[in-house]
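Participant: Structure file model_27.cif (mmCIF, C-alpha atoms) is given on the next line.
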data_input
#
loop_
_atom_site.label_atom_id
_atom_site.label_comp_id
_atom_site.auth_asym_id
_atom_site.auth_seq_id
_atom_site.Cartn_x
_atom_site.Cartn_y
_atom_site.Cartn_z
CA MET P 1 51.99 28.67 19.94
CA HIS P 2 48.78 30.59 20.61
CA ARG P 3 47.94 30.61 16.89
CA GLU P 4 48.49 26.85 16.69
CA ILE P 5 46.15 26.25 19.64
CA GLU P 6 43.56 28.57 18.08
CA ARG P 7 43.78 26.70 14.76
CA ILE P 8 43.31 23.34 16.49
CA ARG P 9 40.37 24.76 18.46
CA ARG P 10 38.70 25.91 15.24
CA VAL P 11 39.23 22.51 13.60
CA VAL P 12 37.77 20.74 16.62
CA ILE P 13 34.77 23.09 16.68
CA GLY P 14 34.29 22.63 12.95
CA LEU P 15 34.39 18.87 13.25
CA GLY P 16 32.01 19.00 16.18
CA VAL P 17 29.52 21.14 14.25
CA THR P 18 29.83 18.83 11.25
CA VAL P 19 29.26 15.69 13.34
CA TYR P 20 26.38 17.39 15.16
CA SER P 21 24.78 18.45 11.86
CA ILE P 22 25.13 14.95 10.40
CA ALA P 23 23.63 13.46 13.54
CA ILE P 24 20.66 15.85 13.36
CA PHE P 25 20.20 15.06 9.64
CA LEU P 26 20.29 11.30 10.27
CA ALA P 27 17.87 11.62 13.18
CA LEU P 28 15.42 13.59 11.04
CA ASP P 29 15.90 11.11 8.18
CA ALA P 30 15.25 8.17 10.52
CA GLY P 31 12.09 9.84 11.82
CA TYR P 32 10.89 10.66 8.31
CA SER P 33 11.68 7.12 7.10
CA SER P 34 9.79 5.54 10.00
CA LEU P 35 6.65 7.35 8.83
CA LEU P 36 6.94 6.08 5.26
CA HIS P 37 6.44 2.43 6.15
CA ASP P 38 6.34 0.56 2.82
CA GLU P 39 8.26 3.25 0.93
CA GLY P 40 11.49 1.88 2.35
CA HIS P 41 10.66 -1.74 1.56
CA SER P 42 11.79 -3.57 -1.53
CA SER P 43 9.06 -4.37 -4.04
CA ARG P 44 10.82 -7.66 -4.89
CA TYR P 45 11.14 -11.02 -3.23
CA PRO P 46 12.53 -14.47 -4.08
CA HIS P 47 9.83 -16.79 -5.41
CA PRO P 48 10.27 -20.54 -4.88
CA ALA P 49 8.51 -21.46 -8.14
CA TYR P 50 10.05 -18.97 -10.56
CA HIS P 51 13.05 -17.49 -8.73
CA HIS P 52 11.91 -13.90 -8.15
CA ALA P 53 8.87 -11.69 -8.48
CA LEU P 54 7.23 -8.45 -7.44
CA LEU P 55 5.30 -8.50 -4.19
CA PRO P 56 1.50 -8.68 -4.50
CA ASN P 57 -0.42 -5.55 -3.50
CA PHE P 58 2.63 -3.33 -3.25
CA ASP P 59 2.30 0.44 -2.95
CA GLY P 60 5.68 2.14 -2.82
CA TYR P 61 8.70 3.28 -4.77
CA ASP P 62 11.60 1.77 -6.64
CA ASN P 63 14.94 3.24 -7.72
CA TRP P 64 16.86 2.73 -10.92
CA GLY P 65 20.05 4.75 -11.30
CA ASP P 66 19.03 8.39 -11.20
CA TYR P 67 15.33 7.63 -11.18
CA ARG P 68 12.85 7.12 -8.39
CA TYR P 69 9.41 6.09 -9.53
CA LYS P 70 6.10 4.94 -8.12
CA VAL P 71 5.29 1.24 -8.18
CA TYR P 72 1.91 -0.40 -7.68
CA THR P 73 1.29 -4.11 -8.03
CA ASN P 74 -1.99 -6.00 -8.15
CA SER P 75 -3.06 -9.14 -6.29
CA LEU P 76 -1.00 -11.29 -8.69
CA GLY P 77 2.21 -9.38 -8.06
CA PHE P 78 2.12 -7.76 -11.52
CA ARG P 79 2.98 -4.12 -12.02
CA ASP P 80 -0.27 -2.21 -12.48
CA ALA P 81 -1.92 1.20 -12.49
CA THR P 82 -2.97 0.74 -8.87
CA MET P 83 -3.41 -1.97 -6.25
CA ARG P 84 -6.37 -4.07 -7.31
CA VAL P 85 -7.72 -7.60 -7.19
CA VAL P 86 -7.40 -9.44 -10.49
CA SER P 87 -10.02 -12.14 -11.00
CA ALA P 88 -8.89 -15.58 -12.12
CA SER P 89 -11.22 -15.52 -15.10
CA PRO P 90 -11.52 -12.41 -17.29
CA SER P 91 -14.84 -10.84 -18.20
CA GLY P 92 -13.55 -10.21 -21.74
CA ARG P 93 -10.34 -10.78 -23.66
CA ARG P 94 -7.14 -10.94 -21.58
CA VAL P 95 -3.57 -10.73 -22.92
CA LEU P 96 -0.63 -11.64 -20.70
CA LEU P 97 2.60 -9.71 -21.34
CA LEU P 98 5.81 -11.41 -20.25
CA GLY P 99 9.42 -10.25 -20.38
CA ASP P 100 12.24 -8.81 -18.31
CA SER P 101 13.01 -5.28 -17.08
CA PHE P 102 11.99 -3.69 -20.40
CA THR P 103 8.52 -5.18 -20.02
CA GLU P 104 8.30 -4.41 -16.31
CA GLY P 105 9.13 -0.80 -17.21
CA ILE P 106 12.26 -0.08 -15.19
CA GLY P 107 12.88 3.60 -14.48
CA VAL P 108 9.55 5.03 -15.66
CA ALA P 109 6.04 5.43 -14.28
CA PHE P 110 3.54 2.72 -15.19
CA GLU P 111 1.52 5.04 -17.40
CA ASP P 112 4.68 5.80 -19.40
CA THR P 113 5.55 2.14 -20.06
CA PHE P 114 4.37 0.41 -23.22
CA ALA P 115 2.61 -2.16 -21.02
CA GLY P 116 0.84 0.60 -19.12
CA LYS P 117 -0.17 2.31 -22.35
CA LEU P 118 -1.56 -0.96 -23.70
CA PHE P 119 -3.46 -1.44 -20.44
CA TRP P 120 -5.17 1.94 -20.60
CA ALA P 121 -5.85 1.70 -24.34
CA GLY P 122 -7.24 -1.81 -23.93
CA ILE P 123 -9.81 -0.99 -21.26
CA ARG P 124 -11.05 1.95 -23.34
CA LEU P 125 -11.91 -0.21 -26.34
CA PRO P 126 -15.61 -0.97 -27.00
CA ASN P 127 -14.69 -4.65 -26.67
CA LYS P 128 -12.30 -4.31 -23.76
CA ILE P 129 -8.94 -6.05 -23.69
CA GLU P 130 -7.21 -6.50 -20.35
CA PHE P 131 -3.42 -6.39 -20.71
CA LEU P 132 -1.66 -7.86 -17.67
CA ASN P 133 2.06 -7.18 -17.20
CA ALA P 134 3.69 -10.32 -15.77
CA GLY P 135 7.21 -9.14 -16.64
CA ALA P 136 9.98 -8.63 -14.08
CA ILE P 137 13.63 -7.72 -14.14
CA SER P 138 16.05 -10.45 -15.33
CA TYR P 139 13.44 -12.92 -16.53
CA SER P 140 14.44 -15.26 -19.38
CA PRO P 141 12.91 -18.36 -21.07
CA THR P 142 13.35 -20.71 -18.09
CA LEU P 143 11.39 -18.30 -15.91
CA TYR P 144 8.88 -17.46 -18.66
CA LEU P 145 8.00 -21.15 -18.76
CA ARG P 146 7.89 -21.63 -15.01
CA LYS P 147 5.80 -18.51 -14.38
CA ILE P 148 3.23 -19.32 -17.05
CA ARG P 149 2.96 -22.91 -15.80
CA TYR P 150 2.54 -21.67 -12.21
CA LEU P 151 -0.14 -19.17 -13.18
CA LEU P 152 -2.11 -21.74 -15.18
CA GLU P 153 -1.86 -24.33 -12.40
CA HIS P 154 -3.16 -21.75 -9.93
CA GLY P 155 -6.21 -20.99 -12.02
CA LEU P 156 -5.36 -17.79 -13.90
CA ARG P 157 -7.03 -17.65 -17.31
CA PHE P 158 -5.91 -15.60 -20.30
CA ASN P 159 -6.49 -15.63 -24.07
CA GLU P 160 -3.02 -14.89 -25.39
CA VAL P 161 0.60 -14.67 -24.24
CA VAL P 162 3.06 -12.12 -25.64
CA VAL P 163 6.70 -12.75 -24.76
CA PHE P 164 9.08 -9.82 -25.19
CA SER P 165 12.33 -11.68 -25.79
CA ASP P 166 15.26 -9.61 -24.63
CA VAL P 167 18.79 -9.67 -26.04
CA SER P 168 20.03 -10.69 -22.59
CA ASP P 169 17.94 -13.88 -22.54
CA VAL P 170 20.67 -16.02 -24.11
CA TYR P 171 23.25 -14.81 -21.56
CA ASP P 172 20.84 -15.54 -18.69
CA GLU P 173 20.09 -19.01 -20.02
CA ALA P 174 23.79 -19.77 -20.33
CA THR P 175 24.62 -18.67 -16.79
CA LYS P 176 21.59 -18.66 -14.46
CA TYR P 177 18.48 -20.29 -13.01
CA PHE P 178 19.80 -23.85 -12.94
CA CYS P 179 18.16 -24.57 -9.58
CA HIS P 180 14.79 -23.70 -11.12
CA ASP P 181 15.15 -25.95 -14.13
CA ASP P 182 13.28 -29.27 -14.30
CA ASP P 183 15.87 -30.73 -16.67
CA ALA P 184 18.48 -32.85 -14.85
CA ARG P 185 21.15 -31.70 -17.31
CA TYR P 186 20.89 -28.16 -16.00
CA GLN P 187 20.27 -29.11 -12.39
CA GLU P 188 23.87 -30.32 -12.35
CA TYR P 189 24.98 -26.68 -12.45
CA CYS P 190 22.80 -25.65 -9.51
CA ASP P 191 24.70 -23.97 -6.68
CA PRO P 192 23.82 -25.85 -3.44
CA THR P 193 23.76 -22.59 -1.49
CA GLU P 194 21.14 -21.18 -3.85
CA ARG P 195 19.07 -24.34 -3.58
CA ALA P 196 19.20 -24.18 0.22
CA PHE P 197 18.16 -20.53 0.11
CA PHE P 198 15.03 -21.18 -1.91
CA GLN P 199 14.14 -24.35 -0.01
CA SER P 200 14.12 -22.32 3.18
CA LEU P 201 11.64 -19.78 1.86
CA CYS P 202 8.19 -19.58 3.32
CA ASP P 203 5.16 -19.08 1.15
CA LEU P 204 4.37 -15.37 1.55
CA SER P 205 0.72 -15.84 0.76
CA ALA P 206 -0.02 -18.71 3.13
CA ILE P 207 2.28 -18.82 6.15
CA PRO P 208 1.66 -16.28 8.94
CA GLY P 209 4.64 -14.26 10.06
CA CYS P 210 6.47 -14.40 6.74
CA HIS P 211 6.62 -10.84 5.47
CA ALA P 212 8.14 -8.68 2.76
CA GLY P 213 10.97 -7.39 4.90
CA GLU P 214 12.77 -10.69 4.41
CA SER P 215 13.15 -9.89 0.71
CA LEU P 216 15.58 -7.04 1.29
CA ALA P 217 18.61 -9.22 1.97
CA TYR P 218 17.94 -11.01 -1.29
CA SER P 219 17.42 -7.98 -3.48
CA ARG P 220 20.13 -5.68 -2.09
CA SER P 221 23.27 -5.72 0.03
CA PRO P 222 22.78 -5.67 3.83
CA LEU P 223 23.99 -2.04 4.02
CA ALA P 224 21.74 -0.93 1.16
CA ALA P 225 18.80 -2.79 2.67
CA PHE P 226 19.34 -1.13 6.06
CA LEU P 227 19.66 2.35 4.53
CA THR P 228 16.61 1.83 2.34
CA ARG P 229 14.40 0.93 5.27
CA HIS P 230 15.69 3.27 7.98
CA PHE P 231 17.34 6.19 6.12
CA VAL P 232 15.37 6.79 2.92
CA VAL P 233 16.79 10.26 2.20
CA THR P 234 20.39 9.23 2.95
CA ASP P 235 20.05 6.19 0.72
CA ARG P 236 18.67 8.30 -2.10
CA ILE P 237 21.61 10.73 -1.84
CA ARG P 238 23.99 7.76 -1.84
CA GLN P 239 22.42 6.34 -5.00
CA LEU P 240 22.41 9.68 -6.80
CA ALA P 241 26.05 10.33 -5.93
CA LYS P 242 27.06 6.84 -7.06
CA PHE P 243 25.16 7.19 -10.33
CA ARG P 244 26.61 10.64 -11.10
CA ILE P 245 30.16 9.48 -10.36
CA GLN P 246 29.68 6.45 -12.60
CA GLN P 247 28.43 8.69 -15.40
CA TRP P 248 31.34 11.09 -14.98
CA LEU P 249 34.07 8.47 -14.75
CA GLY P 250 32.70 5.80 -17.06
CA ASN P 251 31.16 7.85 -19.87
CA ARG P 252 28.02 5.79 -19.66
CA LYS P 253 26.69 6.65 -23.12
CA LYS P 254 29.77 5.19 -24.81
CA GLU P 255 29.38 2.05 -22.71
CA MET P 256 25.77 1.71 -23.81
CA LEU P 257 26.74 1.95 -27.48
CA ALA P 258 29.42 -0.75 -27.24
CA PRO P 259 29.00 -4.54 -26.95
CA ALA P 260 28.53 -5.87 -23.41
CA LYS P 261 28.46 -9.39 -22.05
CA GLU P 262 24.67 -9.59 -22.51
CA THR P 263 24.94 -8.71 -26.21
CA ALA P 264 28.20 -10.53 -27.00
CA TRP P 265 26.35 -13.48 -28.58
CA LEU P 266 25.07 -11.12 -31.29
CA PHE P 267 28.61 -10.22 -32.33
CA PRO P 268 30.64 -13.47 -32.31
CA GLY P 269 34.39 -13.45 -31.88
CA THR P 270 34.74 -11.15 -28.86
CA GLU P 271 36.39 -12.03 -25.56
CA LEU P 272 33.08 -11.29 -23.85
CA GLU P 273 31.84 -14.71 -24.95
CA ARG P 274 33.92 -16.10 -22.08
CA GLU P 275 31.28 -14.67 -19.75
CA TYR P 276 28.76 -17.29 -20.95
CA ALA P 277 30.00 -20.06 -18.65
CA PRO P 278 29.08 -22.74 -17.89
CA LEU P 279 26.95 -23.46 -20.98
CA GLY P 280 28.59 -21.11 -23.48
CA VAL P 281 26.85 -19.06 -26.16
CA GLN P 282 25.52 -22.04 -28.09
CA GLY P 283 24.37 -23.67 -24.88
CA GLY P 284 22.48 -20.49 -23.95
CA ILE P 285 20.82 -20.41 -27.36
CA SER P 286 19.87 -24.09 -27.19
CA ARG P 287 18.43 -23.78 -23.68
CA SER P 288 16.47 -20.67 -24.72
CA ILE P 289 14.91 -22.55 -27.62
CA GLU P 290 14.15 -25.60 -25.46
CA LYS P 291 12.30 -23.55 -22.85
CA MET P 292 10.39 -21.52 -25.40
CA ARG P 293 9.43 -24.74 -27.19
CA SER P 294 8.11 -26.14 -23.91
CA LEU P 295 6.20 -22.90 -23.32
CA ALA P 296 4.70 -23.01 -26.82
CA ASP P 297 3.64 -26.63 -26.31
CA LEU P 298 2.10 -25.84 -22.93
CA LEU P 299 0.07 -23.00 -24.40
CA HIS P 300 -0.87 -25.02 -27.49
CA GLN P 301 -2.39 -27.70 -25.27
CA ARG P 302 -4.73 -25.04 -23.91
CA ALA P 303 -5.36 -23.37 -27.28
CA ILE P 304 -3.63 -20.17 -26.14
CA PRO P 305 -1.76 -18.40 -28.98
CA LEU P 306 1.80 -17.21 -28.43
CA THR P 307 3.47 -14.11 -29.86
CA ILE P 308 7.19 -13.35 -29.56
CA VAL P 309 8.38 -9.75 -29.86
CA THR P 310 12.01 -8.64 -30.27
CA TYR P 311 13.32 -5.10 -29.80
CA PRO P 312 16.80 -3.52 -29.89
CA TRP P 313 19.29 -2.38 -27.30
CA PRO P 314 21.15 0.86 -28.11
CA VAL P 315 24.32 -1.02 -29.15
CA GLN P 316 22.35 -2.79 -31.88
CA LEU P 317 21.11 0.51 -33.26
CA ALA P 318 24.58 2.06 -33.04
CA MET P 319 26.12 -0.89 -34.92
CA ASN P 320 23.31 -1.13 -37.51
CA ASP P 321 22.55 -4.69 -36.52
CA HIS P 322 19.77 -4.94 -39.11
CA ASN P 323 20.10 -8.68 -39.64
CA SER P 324 20.02 -9.34 -35.93
CA ARG P 325 20.90 -12.84 -34.78
CA GLN P 326 18.27 -12.37 -32.09
CA ALA P 327 15.46 -11.60 -34.55
CA ALA P 328 16.55 -14.42 -36.87
CA LEU P 329 16.49 -16.89 -33.98
CA TRP P 330 12.88 -16.17 -33.01
CA ARG P 331 11.65 -15.58 -36.55
CA ASP P 332 12.76 -19.09 -37.46
CA PHE P 333 11.35 -20.48 -34.21
CA CYS P 334 7.92 -18.98 -34.91
CA VAL P 335 7.56 -20.31 -38.46
CA ASP P 336 5.15 -23.04 -37.35
CA THR P 337 4.85 -22.25 -33.64
CA CYS P 338 3.85 -18.66 -32.95
CA LYS P 339 3.43 -15.15 -34.29
CA PHE P 340 6.62 -13.07 -34.55
CA ILE P 341 7.02 -9.28 -34.34
CA ASP P 342 10.37 -7.55 -34.83
CA LEU P 343 10.46 -3.93 -33.67
CA PHE P 344 14.03 -3.26 -34.80
CA PRO P 345 12.90 -1.59 -38.07
CA VAL P 346 10.70 0.82 -36.09
CA PHE P 347 13.62 1.94 -33.94
CA SER P 348 16.04 1.93 -36.86
CA ALA P 349 13.82 4.44 -38.65
CA GLU P 350 14.13 6.75 -35.64
CA VAL P 351 17.93 6.50 -35.81
CA LYS P 352 17.88 7.58 -39.44
CA THR P 353 15.72 10.64 -38.79
CA HIS P 354 17.01 11.80 -35.38
CA SER P 355 20.69 12.30 -34.62
CA ASP P 356 19.82 12.48 -30.90
CA TRP P 357 18.04 9.13 -30.99
CA TYR P 358 19.86 7.78 -27.93
CA GLU P 359 18.96 10.78 -25.76
CA ARG P 360 15.34 10.58 -26.94
CA LEU P 361 14.67 6.86 -26.76
CA PHE P 362 16.74 5.70 -23.78
CA LEU P 363 17.21 6.68 -20.16
CA PRO P 364 20.41 8.74 -19.79
CA GLY P 365 23.42 6.48 -19.33
CA ASP P 366 21.24 3.39 -19.58
CA PHE P 367 20.00 0.83 -22.10
CA HIS P 368 16.35 0.83 -20.99
CA TYR P 369 13.74 2.82 -22.87
CA SER P 370 12.68 6.28 -21.80
CA ALA P 371 9.04 7.34 -21.85
CA GLU P 372 9.52 8.28 -25.51
CA GLY P 373 11.06 4.90 -26.31
CA ASN P 374 8.13 3.18 -24.61
CA GLU P 375 5.74 5.34 -26.63
CA LEU P 376 7.42 4.19 -29.84
CA MET P 377 6.97 0.56 -28.78
CA PHE P 378 3.35 1.19 -27.87
CA GLN P 379 2.54 2.75 -31.22
CA ALA P 380 4.08 -0.19 -33.06
CA LEU P 381 2.36 -2.79 -30.85
CA SER P 382 -1.00 -1.04 -31.16
CA LYS P 383 -1.14 -2.02 -34.81
CA HIS P 384 -1.00 -5.67 -33.83
CA PHE P 385 -3.05 -5.85 -30.63
CA LEU P 386 -5.55 -2.97 -30.63
CA ARG P 387 -7.14 -3.38 -34.03
#
Reformat the file's structure so that it appears as structure tokens.

Facilitator:
Amino acid sequence: MHREIERIRRVVIGLGVTVYSIAIFLALDAGYSSLLHDEGHSSRYPHPAYHHALLPNFDGYDNWGDYRYKVYTNSLGFRDATMRVVSASPSGRRVLLLGDSFTEGIGVAFEDTFAGKLFWAGIRLPNKIEFLNAGAISYSPTLYLRKIRYLLEHGLRFNEVVVFSDVSDVYDEATKYFCHDDDARYQEYCDPTERAFFQSLCDLSAIPGCHAGESLAYSRSPLAAFLTRHFVVTDRIRQLAKFRIQQWLGNRKKEMLAPAKETAWLFPGTELEREYAPLGVQGGISRSIEKMRSLADLLHQRAIPLTIVTYPWPVQLAMNDHNSRQAALWRDFCVDTCKFIDLFPVFSAEVKTHSDWYERLFLPGDFHYSAEGNELMFQALSKHFLR
């Protein structure tokens, strides 16, 4: 009986010490987090004109899987080397880069992204070229068009637009952004709750009292948003643990080298094509072309040349997708409309010469480019834009 009481006493003491230690840790984390201010805020917010964007003049951090990296944005809400004011009219040549998370540079520091490398190389030229990175995660042709139109209407001037068309664009066009489409055919698919959400937004740049904190509920779950703001260290541990468990259980590399819903349209005949509701694969392709045609026309009216660049996901390299449906789509589109650059051959050459190409070119367990993958893109793009 005495031994049983002693065992219970030890368990109770152990639990008490554990709870006390956790409480102390959370208190210290809360105090530390309160001193970080913007570091716990999301860099993203819902934009009424083009669905979502990065906050202007942001100085903080972002997380992607196992990676925590510094993020600065300029006065336009574009990822940049530092916070700075971008003039409406450039003093020299200005090239606007537009794309999704690959262009934004998810998971790596700005100076290690191909956009960041172009920026630094451009300003060092005798005849300077200013490369502005207008890309953001999950953009696709509907948002490319709306963002460019918005920027032009608000006075931004640039000499060329380079769109980095991602493999996922067709999936996004088949399934998303219907509330932000001017075409009545697509407005029919708009979710009323999404429409109400965006109609209720205040203009962050004009209405007093509307601040970035409101973006957290949009960009993350309520629990994640609360942890990010008030318990930075705890949230980071949570993310790392989740990412490591996913890697261990899911064998992330194998997942990255196999078709996914975003790439299913490249490899017809798989069940993943069911994910392209409501428009279907062909509907996503058609809508992509329509929006890019409208973008090309808009730019043509202002004598602004358009370039479209395609690049591979790891699954395309693993499956030797040399005659990519994606590249063929935009190569044909650009015959009489724009300049076309396909970077698949550049990456394919790396696959042939390096057996560890995935580990070198991509973030571990991910389909986004590592610093080395971004460097490869930069070297290839330099031949077209820095001559």

Participant: Please, what distance in Å, to one decimal, runs between atom CA of P:Arg149 and atom CA of P:Arg93?

Facilitator: 19.6 Å

Participant: Fewer than 3 positions away in the same chain doesn't count, so skip those; otherwise give me all residues within 9 Å of P:Val85, counting all atoms listed in the file, as a list in words.

Facilitator: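 Counting all atoms listed in the file, the residues come to Asn57, Asn74, Ser75 and Leu76 of chain P.
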
Participant: For the contact check between stretch 141-190 of chain P and stretch 310-329 of chain P, emit one row per residue of stretch 141-190 of chain P within 8 Å, containing the shortest atom pair and the distance in Å rounded to one decimal, counting all atoms listed in the file, chain then rising number order, as a tab-separated table.

Facilitator:
residue	atom	partner	partner_atom	distance
P:Phe164	CA	P:Thr310	CA	6.0
P:Ser165	CA	P:Thr310	CA	5.4
P:Asp166	CA	P:Thr310	CA	6.6
P:Val167	CA	P:Gln326	CA	6.6

Participant: Take atom CA of P:Phe102 and atom CA of P:Tyr139 and report the distance between them in Å, one decimal.

Facilitator: 10.1 Å

Participant: I would like the residues chosen by the PyMOL selection byres ((chain P and resi 163) around 9) on the shown file; could you give them as a VMD selection string?

Facilitator: chain P and resid 96 to 99 135 144 161 to 162 164 to 165 306 to 310

Participant: Could you save those same residues with C-alpha atoms as a PDB file, in the frame of the given file?

Facilitator:
ATOM      1  CA  LEU P  96      -0.630 -11.640 -20.700  1.00  0.00           C
ATOM      2  CA  LEU P  97       2.600  -9.710 -21.340  1.00  0.00           C
ATOM      3  CA  LEU P  98       5.810 -11.410 -20.250  1.00  0.00           C
ATOM      4  CA  GLY P  99       9.420 -10.250 -20.380  1.00  0.00           C
ATOM      5  CA  GLY P 135       7.210  -9.140 -16.640  1.00  0.00           C
ATOM      6  CA  TYR P 144       8.880 -17.460 -18.660  1.00  0.00           C
ATOM      7  CA  VAL P 161       0.600 -14.670 -24.240  1.00  0.00           C
ATOM      8  CA  VAL P 162       3.060 -12.120 -25.640  1.00  0.00           C
ATOM      9  CA  PHE P 164       9.080  -9.820 -25.190  1.00  0.00           C
ATOM     10  CA  SER P 165      12.330 -11.680 -25.790  1.00  0.00           C
ATOM     11  CA  LEU P 306       1.800 -17.210 -28.430  1.00  0.00           C
ATOM     12  CA  THR P 307       3.470 -14.110 -29.860  1.00  0.00           C
ATOM     13  CA  ILE P 308       7.190 -13.350 -29.560  1.00  0.00           C
ATOM     14  CA  VAL P 309       8.380  -9.750 -29.860  1.00  0.00           C
ATOM     15  CA  THR P 310      12.010  -8.640 -30.270  1.00  0.00           C
TER      16      THR P 310
END

Participant: From the set P:Gly122, P:Gly283, P:Gly116, P:Gly77, which residue has the shortest atom-to-atom contact distance to P:Ala53, counting only C-alpha atoms?

Facilitator: P:Gly77

Participant: Rounded to one decimal, what separation in Å do you get between atom CA of P:Trp330 and atom CA of P:Tyr369?

Facilitator: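 Separating atom CA of P:Trp330 from atom CA of P:Tyr369 is a distance of 21.5 Å.
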
Participant: Given the PyMOL selection byres ((chain P and resi 118) around 9) and the file above, list the residues it selects as a VMD selection string.

Facilitator: chain P and resid 113 to 117 119 to 123 129 to 131 378 381 to 382 385 to 386

Participant: Which residue gives the smallest distance to P:Leu156 among P:Leu279, P:Ala264, P:Val95, P:Val108, with only C-alpha atoms counted?

Facilitator: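 Of P:Leu279, P:Ala264, P:Val95, P:Val108, the one nearest P:Leu156, counting only C-alpha atoms, is P:Val95.
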
Participant: Please write the residues picked by the PyMOL selection byres ((chain P and resi 175) around 10) on this file as a CSV table (one decimal) with C-alpha atoms, in the coordinates of the input.

Facilitator:
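File expr_0.csv, as written:
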chain,number,residue,atom,x,y,z
P,170,VAL,CA,20.7,-16.0,-24.1
P,171,TYR,CA,23.2,-14.8,-21.6
P,172,ASP,CA,20.8,-15.5,-18.7
P,173,GLU,CA,20.1,-19.0,-20.0
P,174,ALA,CA,23.8,-19.8,-20.3
P,176,LYS,CA,21.6,-18.7,-14.5
P,177,TYR,CA,18.5,-20.3,-13.0
P,178,PHE,CA,19.8,-23.8,-12.9
P,189,TYR,CA,25.0,-26.7,-12.4
P,275,GLU,CA,31.3,-14.7,-19.8
P,276,TYR,CA,28.8,-17.3,-21.0
P,277,ALA,CA,30.0,-20.1,-18.6
P,278,PRO,CA,29.1,-22.7,-17.9
P,279,LEU,CA,27.0,-23.5,-21.0
P,280,GLY,CA,28.6,-21.1,-23.5
P,281,VAL,CA,26.8,-19.1,-26.2
P,283,GLY,CA,24.4,-23.7,-24.9
P,284,GLY,CA,22.5,-20.5,-24.0
